[in-house]
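Take a look at the structure set out below.
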Amino acid sequence: MDVLTVVLITATIFVWGIVSARLERADLTAPIVFMAVGVLAAWLGLAQTPSAPEGLKPLAEVTLVWVLFSDAARVRVRDLRHDLGAYVRLLAISLPLTVLFGWGLANWLFDDFGIWLALLVAAALAPTDAALGVPVVTNPRVPARVRRLITVESGLNDGIITPVVMVALAGTATAEGLDAPGPAEAVLELAVGAAVGVVIGFGGGWLLNKARGRGWAADEFAGIAVLALALLSYAGALSVHGNGFVAAFCAGLAFGAAAGPRGPSELAFLEHVSGLASLLVWLAFGGVAIPLVLGRFEVSTVLYAVLSLTVVRMASVALSLVGSGLRKRTVLFVGWFGPRGLASLVFALLALEELGSRVEEAVAVIAVTVVLSVIAHGASAAPLSARYARSVVAHGPEHGGAVPEMPVRGLPRRRGPGRPAK
C-alpha cells in the first residue's frame with residue numbers, strides 16, 4: 001500500500017466523519033460512499049485486483065470476528081423472551097429456507113457451479129445486515145416490536161450461517177482438487193470452535209463482571225479488554241484447530257450471558273473499532289470485487305441477485321411466519337428489509353482469497369446482489385418505513401404489547417423521537 005492509497009483512505013474516513021449525517025439524510029450511506037471510493041482507487045490504479053485479496057484476508061477476518069462477537073453479545077438471551085416464537089421462526093425456519101431456495105436457484109441458473117459452490121453463494125447471501133436500513137430500525141414511528149424482529153434476526157443469522165459457509169468453502173476446495181480440509185474435517189473444526197468460544201466468552205465475561213464489582217477494572221480499559229477477548233476467542237480456537245469464526249460468535253453469546261448489566265456498555269469500544277474496520281472492508285469491496293463484477297456482468301447474475309433479494313428472501317420469511325399472528329403488511333415489511341451487507345462481503349472476500357479465480361463468478365454473483373441491496377434497500381428504507389408507520393396509525397400495532405428498544409450495530413442511539421444521540 002503506497003502513500004497515495006493511505007491518503008485517499010484516511011481522507012475519505014475523515015470527510016465522512018464530518019458530513020456523514022448530512023449525506024445519510026440524502027440516502028448516501030457509508031457503504032455507497034466507500035464502495036465508490038474503492039472503485040475510484042481501482043480506476044486510479046491504487047488497488048491491484050490480482051494481488052489485493054491476499055492482503056485483504058487479515059482485515060476481512062478480523063472484521064468478521066469483531067462483528068460476529070459484538071452482534072451475538074448485544075442480543076442477550078434474556079432479551080429474547082419478547083416474541084421468542086417469532087425469533088425462532090425467522091432463525092430456525094426462514095434462514096434455512098433462504099439457503100435452500102438460494103441453493104436451488106444457483107444450481108438452476110449456473111450449471112458450472114456444482115453443488116458446493118452453489119451452496120456457498122446461497123449461504124453467503126443468507127445473512128442480513130440491519131445496519132444498512134437506518135431509517136427502518138431507528139424510526140420511532142415504526143413499532144419497536146417490528147424493529148426488534150429485524151434487529152435480532154440480523155444480529156444472530158450471520159453467526160448461525162457461518163458454519164454452513166465454512167463447510168461450503170471446504171467442499172468447494174475439495175471439489176476443485178485443492179489441498180484443504182474436507183467437509184467432515186470442517187464440521188469437526190466447527191464443534192471445537194464452538195466449545196472454545198463458549199469457554200473463553202463466558203470465562204472472560206464472568207471475570208470482567210467480577211473485576212468491575214470489586215473495582216479492579218478501569219472504565220477506560222474495559223472496552224479494550226472486550227476487543228481483545230473477541231480476538232482471543234478466534235486465536236484460541238485456531239490454536240487447537242477449531243474454527244475461529246464460530247468461536248467468536250459463541251464467545252459473544254457467552255459473554256452477553258455472563259458479563260452482567262455493564263456488558264452492553266463495554267461493547268461500545270468494540271463496535272466503534274469494528275465500524276471503522278467495516279468501512280475499510282466496504283472500500284476494499286469497491287476496489288477489488290466491483291472490477292470483477294464489471295467483467296462478469298451477465299443476465300443470469302443480475303437475475304439471481306434480483307430473485308435473491310425478493311422471491312427467495314420474502315417467500316422464506318412469509319412461510320416461516322405463517323400462523324404467527326402477524327399481519328400481512330408486517331410480514332411483507334420484515335421480508336423486504338433483509339439487506340445483504342457486511343457478512344456477505346467478508347464471506348466473498350474470504351472465498352476469493354482462499355480459492356482464487358475458481359470462484360470469481362460466484363464472487364461476482366454475491367457482489368452484484370450486495371450492490372443492488374445497498375441501493376434498493378437504501379433508497380426504499382425511508383419511504384417504506386414512513387408508509388408502514390402510517391398504516392400502523394390507521395390500523396393499530398401488532399398484538400403483544402410494548403417491548404424495550406434494542407440498539408443496532410454501527411448506528412446512533414436515539415434519546416427520543418427525532419433527537420439523535422450526541
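Identifiers in the C-alpha cells: chain A, B, ... in order shown; residue index from 1 per chain; ligand index from 1 in order shown.
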
Write out as a tab-separated table a residue-level contact list of region 314-368 of chain A versus region 82-87 of chain A with cut-off 9 Å: for each qualifying residue the closest pair of atoms and the distance in Å to one decimal, counting only C-alpha atoms, rows sorted by chain and residue number upward.
residue	atom	partner	partner_atom	distance
A:Ser320	CA	A:Ala86	CA	8.6
A:Leu321	CA	A:Ala86	CA	7.1
A:Ser324	CA	A:Ala86	CA	6.8

Produce a file of the selected residues containing C-alpha atoms, as a JSON list (two decimals), in the first residue's frame.
[["chain", "number", "residue", "atom", "x", "y", "z"],
["A", 320, "SER", "CA", -41.85, -19.08, 8.39],
["A", 321, "LEU", "CA", -44.35, -16.58, 9.83],
["A", 324, "SER", "CA", -47.53, -16.31, 13.90]]

TODO: Would you kindly return, as a list in words, each protein, DNA or RNA residue with an atom no farther than 8 Å from any atom of Pro127 (chain A), considering only C-alpha atoms and excluding same-chain residues fewer than 2 positions away?
DONE: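 Counting only C-alpha atoms, the residues come to Leu95, Ala123, Ala124, Leu125, Asp129, Ser154, Asn157, Asp158, Ile161, Arg340, Ala343 and Ser344 of chain A.
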
Please produce an output containing C-alpha atoms for each residue in the selection, written as a PDB file, in the first residue's frame.
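After the write, out.pdb holds the following:
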ATOM      1  CA  LEU A  95     -32.926 -18.828   7.413  1.00  0.00           C
ATOM      2  CA  ALA A 123     -25.201 -19.321   2.349  1.00  0.00           C
ATOM      3  CA  ALA A 124     -23.083 -16.194   1.882  1.00  0.00           C
ATOM      4  CA  LEU A 125     -26.186 -14.252   0.836  1.00  0.00           C
ATOM      5  CA  ASP A 129     -27.459  -6.519   7.917  1.00  0.00           C
ATOM      6  CA  SER A 154     -29.714  -9.598  11.750  1.00  0.00           C
ATOM      7  CA  ASN A 157     -28.215 -15.014  11.497  1.00  0.00           C
ATOM      8  CA  ASP A 158     -24.661 -14.164  10.413  1.00  0.00           C
ATOM      9  CA  ILE A 161     -24.919 -19.278   8.900  1.00  0.00           C
ATOM     10  CA  ARG A 340     -27.286  -8.062   2.367  1.00  0.00           C
ATOM     11  CA  ALA A 343     -21.092 -10.513   6.398  1.00  0.00           C
ATOM     12  CA  SER A 344     -21.797 -11.359   2.747  1.00  0.00           C
TER      13      SER A 344
END

Residue neighbourhood region 263-278 of chain A, 6 Å, only C-alpha atoms, exclusion window fewer than 4 positions, as a PDB file with C-alpha atoms, in the first residue's frame:
ATOM      1  CA  THR A  63     -13.637  -7.529  10.869  1.00  0.00           C
ATOM      2  CA  TRP A  66     -15.450  -8.415  15.775  1.00  0.00           C
ATOM      3  CA  GLY A 223     -13.735  -1.815  26.228  1.00  0.00           C
ATOM      4  CA  LEU A 227     -11.917  -6.144  21.986  1.00  0.00           C
ATOM      5  CA  ALA A 259     -20.982 -10.002  31.640  1.00  0.00           C
ATOM      6  CA  GLY A 410     -22.988   0.983  13.851  1.00  0.00           C
TER       7      GLY A 410
END

TODO: Quick one: everything within 6 Å of region 134-140 of chain A, counting only C-alpha atoms, minus sequence neighbours fewer than 5 positions away in the same chain. Send it as an MDAnalysis selection string.
DONE: chainID A and resid 147 381:382 385 417

Task: Atom-to-atom span, CA of Leu319 (chain A) and CA of Trp108 (chain A), Å - done: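 Taking CA of Leu319 (chain A) and CA of Trp108 (chain A), their separation equals 21.8 Å.
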
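When only C-alpha atoms are used to measure the gap to Leu8 (chain A), the shortest distance among A:Val187, A:Leu46, A:Val393, A:Ala362 belongs to A:Leu46.
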
Open item on the list: Between CA of Ala315 (chain A) and CA of Leu97 (chain A), what distance in Å does the model show, to one decimal?
Closed with: 8.7 Å

Open item on the list: Ranking A:Gly17, A:Gly104, A:Pro58, A:Pro143 by minimum distance to Leu350 (chain A) and counting only C-alpha atoms, which one comes first?
Closed with: A:Pro58

Based on the backbone DSSP call, show me all residues of region 212-421 of chain A assigned strand (DSSP E), as a PDB file with C-alpha atoms, in the first residue's frame.
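Below is the file result.pdb, written as the result:
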ATOM      1  CA  ARG A 414     -31.914   7.739  19.838  1.00  0.00           C
ATOM      2  CA  ARG A 415     -32.737   9.518  23.070  1.00  0.00           C
ATOM      3  CA  GLY A 416     -36.197  10.378  21.913  1.00  0.00           C
ATOM      4  CA  ARG A 419     -33.415  13.559  18.599  1.00  0.00           C
ATOM      5  CA  PRO A 420     -30.246  11.661  17.734  1.00  0.00           C
TER       6      PRO A 420
END

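When CA of Phe245 (chain A) is paired with CA of Phe202 (chain A), their separation reads 16.3 Å.
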
I'd like the contact shell of Ala376 (chain A) - 10 Å cut-off, only C-alpha atoms, skipping same-chain residues fewer than 4 positions apart - returned as a compact mmCIF listing (two decimals) with N, CA and C atoms, in the first residue's frame.
# COMPACT_ATOMS: atom_id res chain seq x y z
N LEU A 309 -33.02 -11.16 -3.58
CA LEU A 309 -33.48 -10.06 -2.73
C LEU A 309 -35.00 -10.02 -2.59
N PHE A 337 -37.14 -5.91 4.19
CA PHE A 337 -35.97 -5.31 4.82
C PHE A 337 -35.05 -6.39 5.40
N PRO A 339 -31.56 -6.53 4.09
CA PRO A 339 -30.44 -6.14 3.22
C PRO A 339 -29.23 -7.02 3.41
N VAL A 370 -25.17 -7.75 -3.37
CA VAL A 370 -24.92 -6.78 -2.30
C VAL A 370 -25.07 -5.35 -2.82
N VAL A 371 -24.51 -5.08 -4.00
CA VAL A 371 -24.62 -3.73 -4.56
C VAL A 371 -26.08 -3.36 -4.79
N LEU A 372 -26.84 -4.26 -5.39
CA LEU A 372 -28.27 -3.98 -5.62
C LEU A 372 -29.01 -3.79 -4.30
N SER A 380 -35.25 2.68 -0.48
CA SER A 380 -36.64 2.41 -0.08
C SER A 380 -36.86 2.47 1.42
N ALA A 381 -35.79 2.51 2.20
CA ALA A 381 -35.94 2.43 3.66
C ALA A 381 -36.80 3.55 4.21

Residues at most 8 Å from region 229-240 of chain A, counting only C-alpha atoms, excluding those fewer than 6 positions away in the same chain, as a short mmCIF file (atom, residue, chain, number, x, y, z; two decimals) with C-alpha atoms, in the first residue's frame?
data_model
loop_
_atom_site.label_atom_id
_atom_site.label_comp_id
_atom_site.auth_asym_id
_atom_site.auth_seq_id
_atom_site.Cartn_x
_atom_site.Cartn_y
_atom_site.Cartn_z
CA VAL A 62 -10.60 -9.57 11.93
CA VAL A 65 -14.56 -11.75 14.17
CA TRP A 66 -15.45 -8.42 15.78
CA PHE A 69 -18.78 -11.24 18.61
CA VAL A 192 -14.08 -27.41 18.53
CA GLY A 193 -14.50 -23.71 17.76
CA VAL A 196 -13.54 -22.89 22.78
CA GLY A 197 -15.72 -19.84 22.17
CA ILE A 200 -13.44 -18.08 26.60
CA GLY A 201 -16.51 -15.88 26.21
CA GLY A 204 -13.99 -13.57 30.11
CA ALA A 247 -15.65 -19.42 18.24
CA ALA A 248 -16.06 -15.63 18.04
CA ALA A 251 -17.91 -16.30 22.65
CA GLY A 252 -20.14 -13.28 22.04
#

Open item on the list: I need the residue nearest Cys250 (chain A) from this list: A:His395, A:Arg262, A:Arg76, A:His377. Use only C-alpha atoms for the distance.
Closed with: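 Once distances to Cys250 (chain A) are computed over only C-alpha atoms, the minimum belongs to A:Arg76.
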
TODO: Compare A:Val299, A:Leu208, A:Val142, A:Ala72 by their minimum atom-to-atom distance to Arg387 (chain A), counting only C-alpha atoms, and give me the closest one.
DONE: A:Val142

TODO: Select, from A:Phe333, A:Phe14, A:Phe297, A:Phe285, the residue with the minimum atom-to-atom distance to Pro383 (chain A), counting only C-alpha atoms.
DONE: A:Phe333
